[in-house]
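One file, upload_10.cif, is given below (mmCIF, C-alpha atoms and all ligand atoms).
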data_my_file
#
loop_
_atom_site.label_atom_id
_atom_site.label_comp_id
_atom_site.auth_asym_id
_atom_site.auth_seq_id
_atom_site.Cartn_x
_atom_site.Cartn_y
_atom_site.Cartn_z
CA MET A 78 -82.31 8.82 -67.41
CA ILE A 79 -82.67 5.81 -65.12
CA THR A 80 -83.98 2.75 -66.98
CA SER A 81 -83.91 -0.09 -64.45
CA LEU A 82 -82.49 -1.55 -61.25
CA ALA A 83 -79.18 -2.88 -62.58
CA TYR A 84 -77.54 -4.39 -59.51
CA PHE A 85 -77.55 -4.55 -55.73
CA GLY A 86 -74.75 -4.78 -53.17
CA ALA A 87 -74.71 -5.55 -49.46
CA THR A 88 -72.11 -6.22 -46.81
CA SER A 89 -72.48 -9.10 -44.41
CA PRO A 90 -70.48 -11.14 -41.91
CA SER A 91 -72.27 -14.20 -43.32
CA TYR A 92 -71.53 -13.36 -46.97
CA LYS A 93 -70.06 -16.84 -47.56
CA ASP A 94 -73.45 -18.43 -46.84
CA TRP A 95 -74.66 -16.97 -50.14
CA GLU A 96 -72.44 -19.41 -52.07
CA ALA A 97 -74.97 -22.12 -51.23
CA PHE A 98 -78.08 -20.03 -50.56
CA GLY A 99 -77.92 -18.07 -53.84
CA PRO A 100 -77.93 -21.07 -56.21
CA GLU A 101 -79.66 -23.70 -54.05
CA VAL A 102 -82.58 -21.65 -52.74
CA LEU A 103 -82.92 -18.63 -55.04
CA GLY A 104 -81.83 -20.42 -58.21
CA ALA A 105 -79.21 -17.78 -59.07
CA GLN A 106 -75.90 -18.69 -60.70
CA LEU A 107 -72.76 -18.39 -58.62
CA VAL A 108 -70.04 -16.61 -60.61
CA GLU A 109 -66.47 -15.59 -59.90
CA PRO A 110 -66.05 -13.72 -56.60
CA GLY A 111 -65.18 -10.02 -56.49
CA PRO A 112 -61.65 -8.77 -55.70
CA ASP A 113 -62.59 -8.46 -52.01
CA GLY A 114 -64.02 -11.99 -51.98
CA ALA A 115 -67.62 -10.80 -52.49
CA VAL A 116 -70.04 -13.54 -53.45
CA ARG A 117 -71.50 -12.61 -56.82
CA LEU A 118 -74.73 -13.90 -58.28
CA ARG A 119 -76.02 -13.92 -61.80
CA PHE A 120 -79.73 -13.92 -62.70
CA ASP A 121 -79.75 -13.59 -66.47
CA GLU A 122 -77.44 -12.65 -69.35
CA VAL A 123 -75.80 -9.85 -67.30
CA ALA A 124 -72.38 -10.77 -65.85
CA TYR A 125 -73.73 -10.42 -62.29
CA ARG A 126 -76.45 -8.45 -60.55
CA MET A 127 -75.88 -9.09 -56.86
CA ALA A 128 -72.76 -8.92 -54.71
CA ILE A 129 -72.59 -9.73 -51.02
CA HIS A 130 -69.34 -8.28 -49.70
CA PRO A 131 -67.52 -9.33 -46.54
CA GLY A 132 -68.28 -6.85 -43.77
CA GLU A 133 -68.90 -6.55 -40.04
CA LYS A 134 -72.53 -5.52 -40.41
CA ASN A 135 -75.49 -6.61 -42.45
CA ALA A 136 -75.99 -3.45 -44.47
CA VAL A 137 -76.95 -2.25 -47.91
CA ALA A 138 -73.77 -1.08 -49.60
CA TYR A 139 -75.24 0.33 -52.82
CA VAL A 140 -78.17 0.26 -55.21
CA GLY A 141 -77.08 0.30 -58.85
CA TRP A 142 -79.34 1.93 -61.43
CA ALA A 143 -78.94 1.45 -65.16
CA THR A 144 -79.00 4.66 -67.17
CA THR A 145 -79.26 5.32 -70.90
CA GLY A 146 -75.59 6.27 -71.06
CA GLU A 147 -72.79 8.56 -69.99
CA ARG A 148 -74.03 11.58 -71.97
CA ASP A 149 -77.65 11.29 -70.83
CA VAL A 150 -76.71 10.85 -67.19
CA GLN A 151 -75.14 14.33 -67.04
CA ASP A 152 -78.57 16.00 -66.66
CA LEU A 153 -79.39 13.71 -63.77
CA VAL A 154 -76.03 14.40 -62.11
CA GLU A 155 -76.61 18.16 -62.47
CA ARG A 156 -80.07 17.92 -60.88
CA ILE A 157 -78.68 15.94 -57.93
CA GLU A 158 -75.86 18.47 -57.46
CA ALA A 159 -78.29 21.37 -57.75
CA TYR A 160 -80.33 19.70 -55.00
CA GLY A 161 -77.23 19.97 -52.82
CA LEU A 162 -75.80 16.45 -52.81
CA ALA A 163 -72.20 15.65 -53.75
CA VAL A 164 -71.91 13.34 -56.76
CA ASN A 165 -68.71 11.38 -57.34
CA ARG A 166 -67.46 9.68 -60.45
CA ALA A 167 -66.13 6.15 -60.05
CA THR A 168 -62.61 5.49 -61.30
CA PRO A 169 -62.25 3.11 -64.26
CA GLU A 170 -60.96 0.50 -61.78
CA GLU A 171 -64.04 0.88 -59.56
CA ALA A 172 -66.30 0.63 -62.61
CA ALA A 173 -64.50 -2.53 -63.75
CA VAL A 174 -65.28 -4.16 -60.40
CA ARG A 175 -69.01 -3.56 -61.00
CA LYS A 176 -68.58 -4.82 -64.58
CA VAL A 177 -69.92 -1.58 -66.02
CA ILE A 178 -68.28 0.98 -68.30
CA GLY A 179 -68.73 3.75 -65.73
CA TYR A 180 -70.86 5.07 -62.89
CA TYR A 181 -71.49 8.10 -60.70
CA TRP A 182 -72.40 7.61 -57.06
CA PHE A 183 -73.96 9.70 -54.31
CA VAL A 184 -75.59 9.22 -50.92
CA ASP A 185 -79.17 10.47 -50.68
CA LEU A 186 -80.86 12.22 -47.76
CA ALA A 187 -81.94 8.89 -46.25
CA GLY A 188 -78.33 7.60 -46.33
CA ILE A 189 -78.79 5.25 -49.30
CA ARG A 190 -75.87 5.03 -51.71
CA HIS A 191 -77.08 5.11 -55.31
CA GLU A 192 -74.89 4.32 -58.30
CA LEU A 193 -75.84 5.60 -61.75
CA ALA A 194 -74.21 3.20 -64.16
CA TRP A 195 -73.94 2.69 -67.87
CA GLY A 196 -72.58 -0.13 -70.03
CA GLN A 197 -73.38 -3.12 -67.85
CA MET A 198 -71.42 -6.09 -69.15
CA ARG A 199 -73.15 -9.13 -70.63
CA SER A 200 -71.77 -12.61 -70.15
CA ARG A 201 -70.53 -14.67 -73.06
CA THR A 202 -72.15 -17.82 -71.70
CA ALA A 203 -75.81 -18.72 -71.20
CA PHE A 204 -77.39 -18.23 -67.78
CA LEU A 205 -77.28 -21.47 -65.84
CA PRO A 206 -79.71 -21.41 -62.90
CA GLY A 207 -78.50 -22.91 -59.65
CA ARG A 208 -81.61 -25.09 -59.38
CA PRO A 209 -84.11 -26.16 -62.04
CA ILE A 210 -86.24 -23.04 -62.53
CA SER A 211 -87.65 -21.38 -65.62
CA GLY A 212 -85.61 -18.27 -64.79
CA PHE A 213 -85.89 -14.69 -63.59
CA ARG A 214 -88.01 -11.99 -65.16
CA THR A 215 -85.38 -9.33 -65.68
CA GLY A 216 -84.31 -7.90 -69.06
CA ASP A 217 -85.61 -4.35 -69.57
CA GLN A 218 -87.31 -4.57 -66.18
CA GLY A 219 -83.99 -4.99 -64.38
CA LEU A 220 -83.10 -7.09 -61.36
CA GLY A 221 -86.36 -6.55 -59.44
CA HIS A 222 -87.30 -3.96 -56.85
CA VAL A 223 -85.91 -2.54 -53.63
CA VAL A 224 -87.97 -1.14 -50.75
CA PHE A 225 -86.67 1.19 -48.07
CA ALA A 226 -88.15 2.81 -44.98
CA VAL A 227 -87.16 6.47 -44.78
CA PRO A 228 -87.48 8.94 -41.91
CA ASP A 229 -88.80 11.85 -44.01
CA LEU A 230 -91.21 10.34 -46.54
CA GLU A 231 -92.33 13.65 -48.05
CA LYS A 232 -88.79 14.84 -48.70
CA SER A 233 -87.68 11.48 -50.10
CA ASP A 234 -90.79 11.31 -52.31
CA GLN A 235 -89.99 14.72 -53.73
CA PHE A 236 -86.34 13.75 -54.31
CA TYR A 237 -87.02 10.44 -56.05
CA ARG A 238 -89.67 11.96 -58.31
CA ASP A 239 -88.45 15.48 -59.06
CA VAL A 240 -84.70 14.93 -58.93
CA MET A 241 -84.10 11.28 -59.83
CA GLY A 242 -87.07 11.10 -62.22
CA PHE A 243 -88.98 8.12 -60.85
CA HIS A 244 -92.68 7.95 -61.78
CA LEU A 245 -95.29 7.32 -59.10
CA SER A 246 -97.25 4.08 -59.68
CA ASP A 247 -99.33 4.22 -56.52
CA THR A 248 -99.53 4.88 -52.81
CA VAL A 249 -100.61 2.45 -50.10
CA ILE A 250 -101.92 3.77 -46.80
CA ASP A 251 -102.73 0.80 -44.56
CA GLY A 252 -102.79 1.57 -40.82
CA PRO A 253 -99.26 2.58 -39.85
CA ILE A 254 -98.01 1.75 -43.36
CA HIS A 255 -97.63 4.69 -45.73
CA ALA A 256 -95.66 3.83 -48.88
CA HIS A 257 -95.03 5.18 -52.36
CA PHE A 258 -94.17 2.90 -55.31
CA TYR A 259 -92.22 4.16 -58.33
CA HIS A 260 -91.52 2.84 -61.83
CA VAL A 261 -88.85 3.60 -64.42
CA ASN A 262 -89.84 0.91 -66.94
CA GLY A 263 -92.66 -1.63 -67.42
CA ARG A 264 -92.15 -3.12 -63.96
CA HIS A 265 -94.82 -1.76 -61.61
CA HIS A 266 -92.11 -0.56 -59.23
CA SER A 267 -88.34 -0.70 -59.15
CA LEU A 268 -88.23 1.38 -55.96
CA ALA A 269 -90.65 1.87 -53.08
CA VAL A 270 -90.29 3.90 -49.92
CA ALA A 271 -92.30 3.65 -46.72
CA ARG A 272 -92.42 5.96 -43.73
CA ALA A 273 -89.95 4.70 -41.12
CA PRO A 274 -91.27 4.47 -37.56
CA GLY A 275 -88.19 6.25 -36.19
CA ASP A 276 -85.53 8.57 -37.49
CA LYS A 277 -83.38 5.87 -39.12
CA ALA A 278 -83.67 4.60 -42.65
CA ALA A 279 -83.95 0.86 -43.11
CA PHE A 280 -83.88 -1.63 -45.92
CA LEU A 281 -87.11 -3.60 -46.11
CA HIS A 282 -86.61 -6.04 -48.99
CA LEU A 283 -85.31 -6.94 -52.42
CA MET A 284 -87.83 -8.50 -54.79
CA LEU A 285 -86.84 -11.13 -57.34
CA GLU A 286 -89.45 -12.12 -59.91
CA LEU A 287 -89.55 -15.61 -61.39
CA ASN A 288 -90.87 -16.61 -64.79
CA SER A 289 -93.36 -19.11 -63.39
CA LEU A 290 -95.53 -19.61 -60.32
CA GLU A 291 -94.06 -23.12 -60.13
CA ASP A 292 -90.61 -21.60 -59.45
CA VAL A 293 -92.08 -19.69 -56.52
CA GLY A 294 -93.84 -22.81 -55.22
CA THR A 295 -90.73 -24.99 -55.42
CA GLY A 296 -88.79 -22.15 -53.73
CA LEU A 297 -91.31 -22.18 -50.89
CA ASP A 298 -90.93 -25.97 -50.53
CA LEU A 299 -87.15 -25.60 -50.47
CA CYS A 300 -87.29 -22.94 -47.74
CA GLU A 301 -89.37 -25.29 -45.60
CA GLU A 302 -86.99 -28.21 -46.27
CA LYS A 303 -83.85 -26.17 -45.59
CA LYS A 304 -85.40 -24.32 -42.61
CA VAL A 305 -85.04 -20.91 -44.26
CA PRO A 306 -87.38 -18.67 -42.23
CA ILE A 307 -90.45 -17.45 -44.11
CA THR A 308 -91.21 -13.93 -42.91
CA ARG A 309 -94.45 -13.44 -44.88
CA THR A 310 -96.61 -16.29 -46.12
CA LEU A 311 -97.63 -16.74 -49.74
CA GLY A 312 -99.96 -13.94 -50.79
CA CYS A 313 -100.81 -11.45 -53.49
CA HIS A 314 -100.24 -7.69 -53.43
CA THR A 315 -103.08 -5.29 -54.20
CA ASN A 316 -101.02 -2.90 -56.27
CA ASP A 317 -98.49 -4.84 -58.34
CA LYS A 318 -100.53 -8.11 -58.23
CA MET A 319 -97.34 -10.00 -57.36
CA THR A 320 -97.96 -13.50 -55.96
CA SER A 321 -95.06 -13.95 -53.59
CA PHE A 322 -93.68 -14.95 -50.23
CA TYR A 323 -90.90 -13.35 -48.20
CA LEU A 324 -87.90 -15.16 -46.86
CA HIS A 325 -85.13 -14.30 -44.46
CA SER A 326 -81.79 -14.22 -46.30
CA PRO A 327 -78.50 -15.24 -44.63
CA SER A 328 -77.72 -11.50 -44.27
CA ALA A 329 -80.89 -10.69 -42.31
CA PHE A 330 -82.57 -8.73 -45.06
CA ARG A 331 -85.71 -10.12 -46.60
CA ILE A 332 -86.20 -11.28 -50.15
CA GLU A 333 -89.60 -11.21 -51.79
CA TYR A 334 -89.76 -14.17 -54.15
CA GLY A 335 -92.60 -13.68 -56.59
CA TRP A 336 -94.32 -14.16 -59.91
CA GLY A 337 -96.89 -12.38 -62.03
CA GLY A 338 -96.07 -8.71 -61.42
CA LEU A 339 -98.20 -6.10 -63.15
CA GLU A 340 -96.80 -4.08 -66.03
CA VAL A 341 -97.33 -0.34 -66.34
CA ASP A 342 -96.98 1.97 -69.35
CA ASP A 343 -96.49 5.69 -70.05
CA LEU A 344 -100.22 6.37 -69.70
CA TRP A 345 -100.33 4.96 -66.16
CA ILE A 346 -102.22 7.12 -63.68
CA PRO A 347 -101.20 6.74 -59.99
CA ARG A 348 -103.61 4.75 -57.83
CA TYR A 349 -104.31 4.53 -54.12
CA TYR A 350 -104.85 1.46 -51.94
CA ASP A 351 -105.75 0.92 -48.30
CA ARG A 352 -104.31 -2.61 -48.13
CA THR A 353 -100.94 -4.02 -49.16
CA SER A 354 -102.27 -7.47 -50.01
CA THR A 355 -105.52 -8.96 -51.31
CA TRP A 356 -104.84 -12.32 -49.62
CA GLY A 357 -102.08 -14.00 -47.61
CA HIS A 358 -98.76 -12.29 -46.84
CA ARG A 359 -99.25 -12.86 -43.14
CA HIS A 360 -96.30 -11.78 -41.02
CA GLN A 361 -94.69 -14.72 -39.29
CA HIS A 362 -93.63 -14.84 -35.67
CA ASN A 363 -90.19 -16.01 -36.69
CA GLU A 364 -89.45 -12.69 -38.31
CA ILE A 365 -85.92 -11.76 -37.32
CA SER A 366 -84.28 -8.35 -37.80
CA PRO A 367 -86.98 -6.92 -40.02
CA PHE A 368 -84.89 -3.87 -40.72
CA LEU A 369 -81.46 -3.91 -42.19
CA GLU A 370 -79.22 -1.15 -41.08
CA ILE A 371 -77.99 1.32 -43.64
CA GLU A 372 -74.50 2.51 -42.98
CA ALA A 373 -74.60 6.16 -41.95
CA ASP A 374 -70.99 6.59 -43.00
CA SER A 375 -71.11 6.81 -46.77
CA GLN A 376 -67.41 6.11 -47.05
CA ALA A 377 -67.69 2.69 -45.43
CA PRO A 378 -69.86 1.03 -48.07
CA ALA A 379 -67.99 2.93 -50.77
CA THR A 380 -64.96 0.78 -50.13
CA ALA A 381 -66.89 -2.42 -50.86
CA SER A 382 -65.36 -3.49 -54.15
FE FE A 401 -92.08 -5.93 -52.80
#
Kindly transcribe the structure held in the file into structure tokens.
Amino acid sequence: MITSLAYFGATSPSYKDWEAFGPEVLGAQLVEPGPDGAVRLRFDEVAYRMAIHPGEKNAVAYVGWATTGERDVQDLVERIEAYGLAVNRATPEEAAVRKVIGYYWFVDLAGIRHELAWGQMRSRTAFLPGRPISGFRTGDQGLGHVVFAVPDLEKSDQFYRDVMGFHLSDTVIDGPIHAHFYHVNGRHHSLAVARAPGDKAAFLHLMLELNSLEDVGTGLDLCEEKKVPITRTLGCHTNDKMTSFYLHSPSAFRIEYGWGGLEVDDLWIPRYYDRTSTWGHRHQHNEISPFLEIEADSQAPATAS
């Protein structure tokens, strides 16, 4: 059973820029680099939750999901295999790089590499934010949420719900936008998928939630000072009530930086909305590369270690 978004990995020619951007803008803690030189960032008591690997393209390398353990994950692996996708088990060496006890990985129909991990390592030292913030809302809710655009929304929706076991929180249909939001814990959504305009999947954003609105406000000030492009202005979402803004990361993908996300429980009944935001969240003209490419070749990101 999947319990949260555990970690996130991308490749990028500008991976080194994250050494400053991660701590100074996001407030993450820079930790020891990976064996390939990947810049690794810590957000809480977990050893690290984000790795930006050196690579020729800005691309999502993998999305790491926490599971309840090696024994429990077998059912999930069987369902994915029965669906027709090949599931691979990471070697102990590969697992050590992710700082987990073990993981399975597979590439879904949209081309996204998912890792099903257990035993994510905790750090022995306290989290030390890179700038003075109250911290990230993680814990049982995991790193945050990821949002993808997928070419076949119906098929992906069926896969994420029936095979991977995500629970639908709500659906937003707003003009050309058609998106489903899914939860696996108290966080309103850990994964969302929108209909892609073309036949290619794309990565839309990674959301990081802060413990205070002040952290979001000072982050917004910092982006203006450091000329980090804001891709969506401060606003509040209709469905998860997140007060947030979106910024352009050094690797072209967007980060939603927010506070105040709604919590859901087991009795949650899916809702429907015709708007994504109640106020704000205006798209900015400076929006660059709104879509991050997902490597079609599953072997390429697999080598990111
Ligand atoms: Fe979001």
Find the residue from A:Glu370, A:Asp342, A:Asp94, A:Glu301 that sits nearest to Ile189 (chain A); use only C-alpha atoms when measuring.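 Closest to Ile189 (chain A) of all the choices is A:Glu370.
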In Å to one decimal, how far is CA of Val341 (chain A) from CA of Val293 (chain A)?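 The value is 22.3 Å.
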Which residues sit within 12 Å of ligand FE 401 (chain A), counting all atoms listed in the file, listed as number ranges by chain? A: 221-225, 256-259, 264-271, 280-286, 309, 312-324, 331-336, 338, 353-354, 358
Store the residues picked out above in a file with C-alpha atoms, as a short mmCIF file (atom, residue, chain, number, x, y, z; two decimals), in the frame of the given file.
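Contents of again17.cif, freshly written:
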data_model
loop_
_atom_site.label_atom_id
_atom_site.label_comp_id
_atom_site.auth_asym_id
_atom_site.auth_seq_id
_atom_site.Cartn_x
_atom_site.Cartn_y
_atom_site.Cartn_z
CA GLY A 221 -86.36 -6.55 -59.44
CA HIS A 222 -87.30 -3.96 -56.85
CA VAL A 223 -85.91 -2.54 -53.63
CA VAL A 224 -87.97 -1.14 -50.75
CA PHE A 225 -86.67 1.19 -48.07
CA ALA A 256 -95.66 3.83 -48.88
CA HIS A 257 -95.03 5.18 -52.36
CA PHE A 258 -94.17 2.90 -55.31
CA TYR A 259 -92.22 4.16 -58.33
CA ARG A 264 -92.15 -3.12 -63.96
CA HIS A 265 -94.82 -1.76 -61.61
CA HIS A 266 -92.11 -0.56 -59.23
CA SER A 267 -88.34 -0.70 -59.15
CA LEU A 268 -88.23 1.38 -55.96
CA ALA A 269 -90.65 1.87 -53.08
CA VAL A 270 -90.29 3.90 -49.92
CA ALA A 271 -92.30 3.65 -46.72
CA PHE A 280 -83.88 -1.63 -45.92
CA LEU A 281 -87.11 -3.60 -46.11
CA HIS A 282 -86.61 -6.04 -48.99
CA LEU A 283 -85.31 -6.94 -52.42
CA MET A 284 -87.83 -8.50 -54.79
CA LEU A 285 -86.84 -11.13 -57.34
CA GLU A 286 -89.45 -12.12 -59.91
CA ARG A 309 -94.45 -13.44 -44.88
CA GLY A 312 -99.96 -13.94 -50.79
CA CYS A 313 -100.81 -11.45 -53.49
CA HIS A 314 -100.24 -7.69 -53.43
CA THR A 315 -103.08 -5.29 -54.20
CA ASN A 316 -101.02 -2.90 -56.27
CA ASP A 317 -98.49 -4.84 -58.34
CA LYS A 318 -100.53 -8.11 -58.23
CA MET A 319 -97.34 -10.00 -57.36
CA THR A 320 -97.96 -13.50 -55.96
CA SER A 321 -95.06 -13.95 -53.59
CA PHE A 322 -93.68 -14.95 -50.23
CA TYR A 323 -90.90 -13.35 -48.20
CA LEU A 324 -87.90 -15.16 -46.86
CA ARG A 331 -85.71 -10.12 -46.60
CA ILE A 332 -86.20 -11.28 -50.15
CA GLU A 333 -89.60 -11.21 -51.79
CA TYR A 334 -89.76 -14.17 -54.15
CA GLY A 335 -92.60 -13.68 -56.59
CA TRP A 336 -94.32 -14.16 -59.91
CA GLY A 338 -96.07 -8.71 -61.42
CA THR A 353 -100.94 -4.02 -49.16
CA SER A 354 -102.27 -7.47 -50.01
CA HIS A 358 -98.76 -12.29 -46.84
#
So which one's closest to Thr144 (chain A), A:Asp247, A:Asp217, A:Asp234, A:Glu109? Using only C-alpha atoms, please.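 When distances to Thr144 (chain A) are compared using only C-alpha atoms, the smallest one comes from A:Asp217.
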Rank A:His244, A:Arg208, A:Lys303, A:Arg199 by their smallest atom-to-atom distance to Asn262 (chain A), using all atoms listed in the file, and report the top residue only. A:His244
Please provide as a ChimeraX atom specification all residues within 12 Å of Asp152 (chain A), with the sequence filter that same-chain residues fewer than 4 positions apart are discarded (counting all atoms listed in the file). /A:78-79,144-148,156-159,193,240-242
With C-alpha atoms retained, export the selected residues as a CSV table (one decimal), keeping the file's coordinate frame.
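As written to disk, again-v7.csv reads:
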chain,number,residue,atom,x,y,z
A,78,MET,CA,-82.3,8.8,-67.4
A,79,ILE,CA,-82.7,5.8,-65.1
A,144,THR,CA,-79.0,4.7,-67.2
A,145,THR,CA,-79.3,5.3,-70.9
A,146,GLY,CA,-75.6,6.3,-71.1
A,147,GLU,CA,-72.8,8.6,-70.0
A,148,ARG,CA,-74.0,11.6,-72.0
A,156,ARG,CA,-80.1,17.9,-60.9
A,157,ILE,CA,-78.7,15.9,-57.9
A,158,GLU,CA,-75.9,18.5,-57.5
A,159,ALA,CA,-78.3,21.4,-57.8
A,193,LEU,CA,-75.8,5.6,-61.8
A,240,VAL,CA,-84.7,14.9,-58.9
A,241,MET,CA,-84.1,11.3,-59.8
A,242,GLY,CA,-87.1,11.1,-62.2
Taking (-76.3, -0.8, -64.9) in the file's coordinates, which residues come within 9 Å, counting all atoms listed in the file, written as a list in words?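 So the residues meeting the distance criterion are Thr80, Ser81, Leu82, Ala83, Tyr84, Arg126, Gly141, Trp142, Ala143, Thr144, Arg175, Lys176, Val177, Ile178, Gly179, Tyr180, Glu192, Leu193, Ala194, Trp195, Gly196, Gln197, Met198 and Gly219 of chain A.
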Please dump the current selection as a PDB file, keeping the file's coordinate frame; keep C-alpha atoms.
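Dumped everything to selection_25.pdb:
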ATOM      1  CA  THR A  80     -83.980   2.750 -66.980  1.00  0.00           C
ATOM      2  CA  SER A  81     -83.910  -0.090 -64.450  1.00  0.00           C
ATOM      3  CA  LEU A  82     -82.490  -1.550 -61.250  1.00  0.00           C
ATOM      4  CA  ALA A  83     -79.180  -2.880 -62.580  1.00  0.00           C
ATOM      5  CA  TYR A  84     -77.540  -4.390 -59.510  1.00  0.00           C
ATOM      6  CA  ARG A 126     -76.450  -8.450 -60.550  1.00  0.00           C
ATOM      7  CA  GLY A 141     -77.080   0.300 -58.850  1.00  0.00           C
ATOM      8  CA  TRP A 142     -79.340   1.930 -61.430  1.00  0.00           C
ATOM      9  CA  ALA A 143     -78.940   1.450 -65.160  1.00  0.00           C
ATOM     10  CA  THR A 144     -79.000   4.660 -67.170  1.00  0.00           C
ATOM     11  CA  ARG A 175     -69.010  -3.560 -61.000  1.00  0.00           C
ATOM     12  CA  LYS A 176     -68.580  -4.820 -64.580  1.00  0.00           C
ATOM     13  CA  VAL A 177     -69.920  -1.580 -66.020  1.00  0.00           C
ATOM     14  CA  ILE A 178     -68.280   0.980 -68.300  1.00  0.00           C
ATOM     15  CA  GLY A 179     -68.730   3.750 -65.730  1.00  0.00           C
ATOM     16  CA  TYR A 180     -70.860   5.070 -62.890  1.00  0.00           C
ATOM     17  CA  GLU A 192     -74.890   4.320 -58.300  1.00  0.00           C
ATOM     18  CA  LEU A 193     -75.840   5.600 -61.750  1.00  0.00           C
ATOM     19  CA  ALA A 194     -74.210   3.200 -64.160  1.00  0.00           C
ATOM     20  CA  TRP A 195     -73.940   2.690 -67.870  1.00  0.00           C
ATOM     21  CA  GLY A 196     -72.580  -0.130 -70.030  1.00  0.00           C
ATOM     22  CA  GLN A 197     -73.380  -3.120 -67.850  1.00  0.00           C
ATOM     23  CA  MET A 198     -71.420  -6.090 -69.150  1.00  0.00           C
ATOM     24  CA  GLY A 219     -83.990  -4.990 -64.380  1.00  0.00           C
TER      25      GLY A 219
END
Go ahead and compute the interatomic distance for CA of Gly99 (chain A) and CA of Ile129 (chain A), in Å to one decimal.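 Going from CA of Gly99 (chain A) over to CA of Ile129 (chain A) covers 10.3 Å.
Between CA of Ala105 (chain A) and CA of Ser200 (chain A) the interatomic distance comes to 14.3 Å.
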Quick one: of A:Phe183, A:Phe243, A:Tyr160, A:Tyr125, who's nearest to Leu220 (chain A), counting only C-alpha atoms?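 The shortest atom-to-atom distance to Leu220 (chain A) comes from A:Tyr125.
Comparing the minimum interatomic distances between Ile210 (chain A) and each of A:Leu103, A:Ile254, A:Val227, A:Val137, counting all atoms listed in the file, we find that A:Leu103 sits nearest.
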Please provide the set of residues having any atom within 12 Å of Gly252 (chain A), restricted to only C-alpha atoms, with same-chain residues fewer than 2 positions apart removed, written as a tab-separated table (two decimals) with C-alpha atoms, in the frame of the given file.
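What landed in selection.tsv:
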chain	number	residue	atom	x	y	z
A	249	VAL	CA	-100.61	2.45	-50.10
A	250	ILE	CA	-101.92	3.77	-46.80
A	254	ILE	CA	-98.01	1.75	-43.36
A	255	HIS	CA	-97.63	4.69	-45.73
A	256	ALA	CA	-95.66	3.83	-48.88
A	272	ARG	CA	-92.42	5.96	-43.73
A	350	TYR	CA	-104.85	1.46	-51.94
A	351	ASP	CA	-105.75	0.92	-48.30
A	352	ARG	CA	-104.31	-2.61	-48.13
A	353	THR	CA	-100.94	-4.02	-49.16
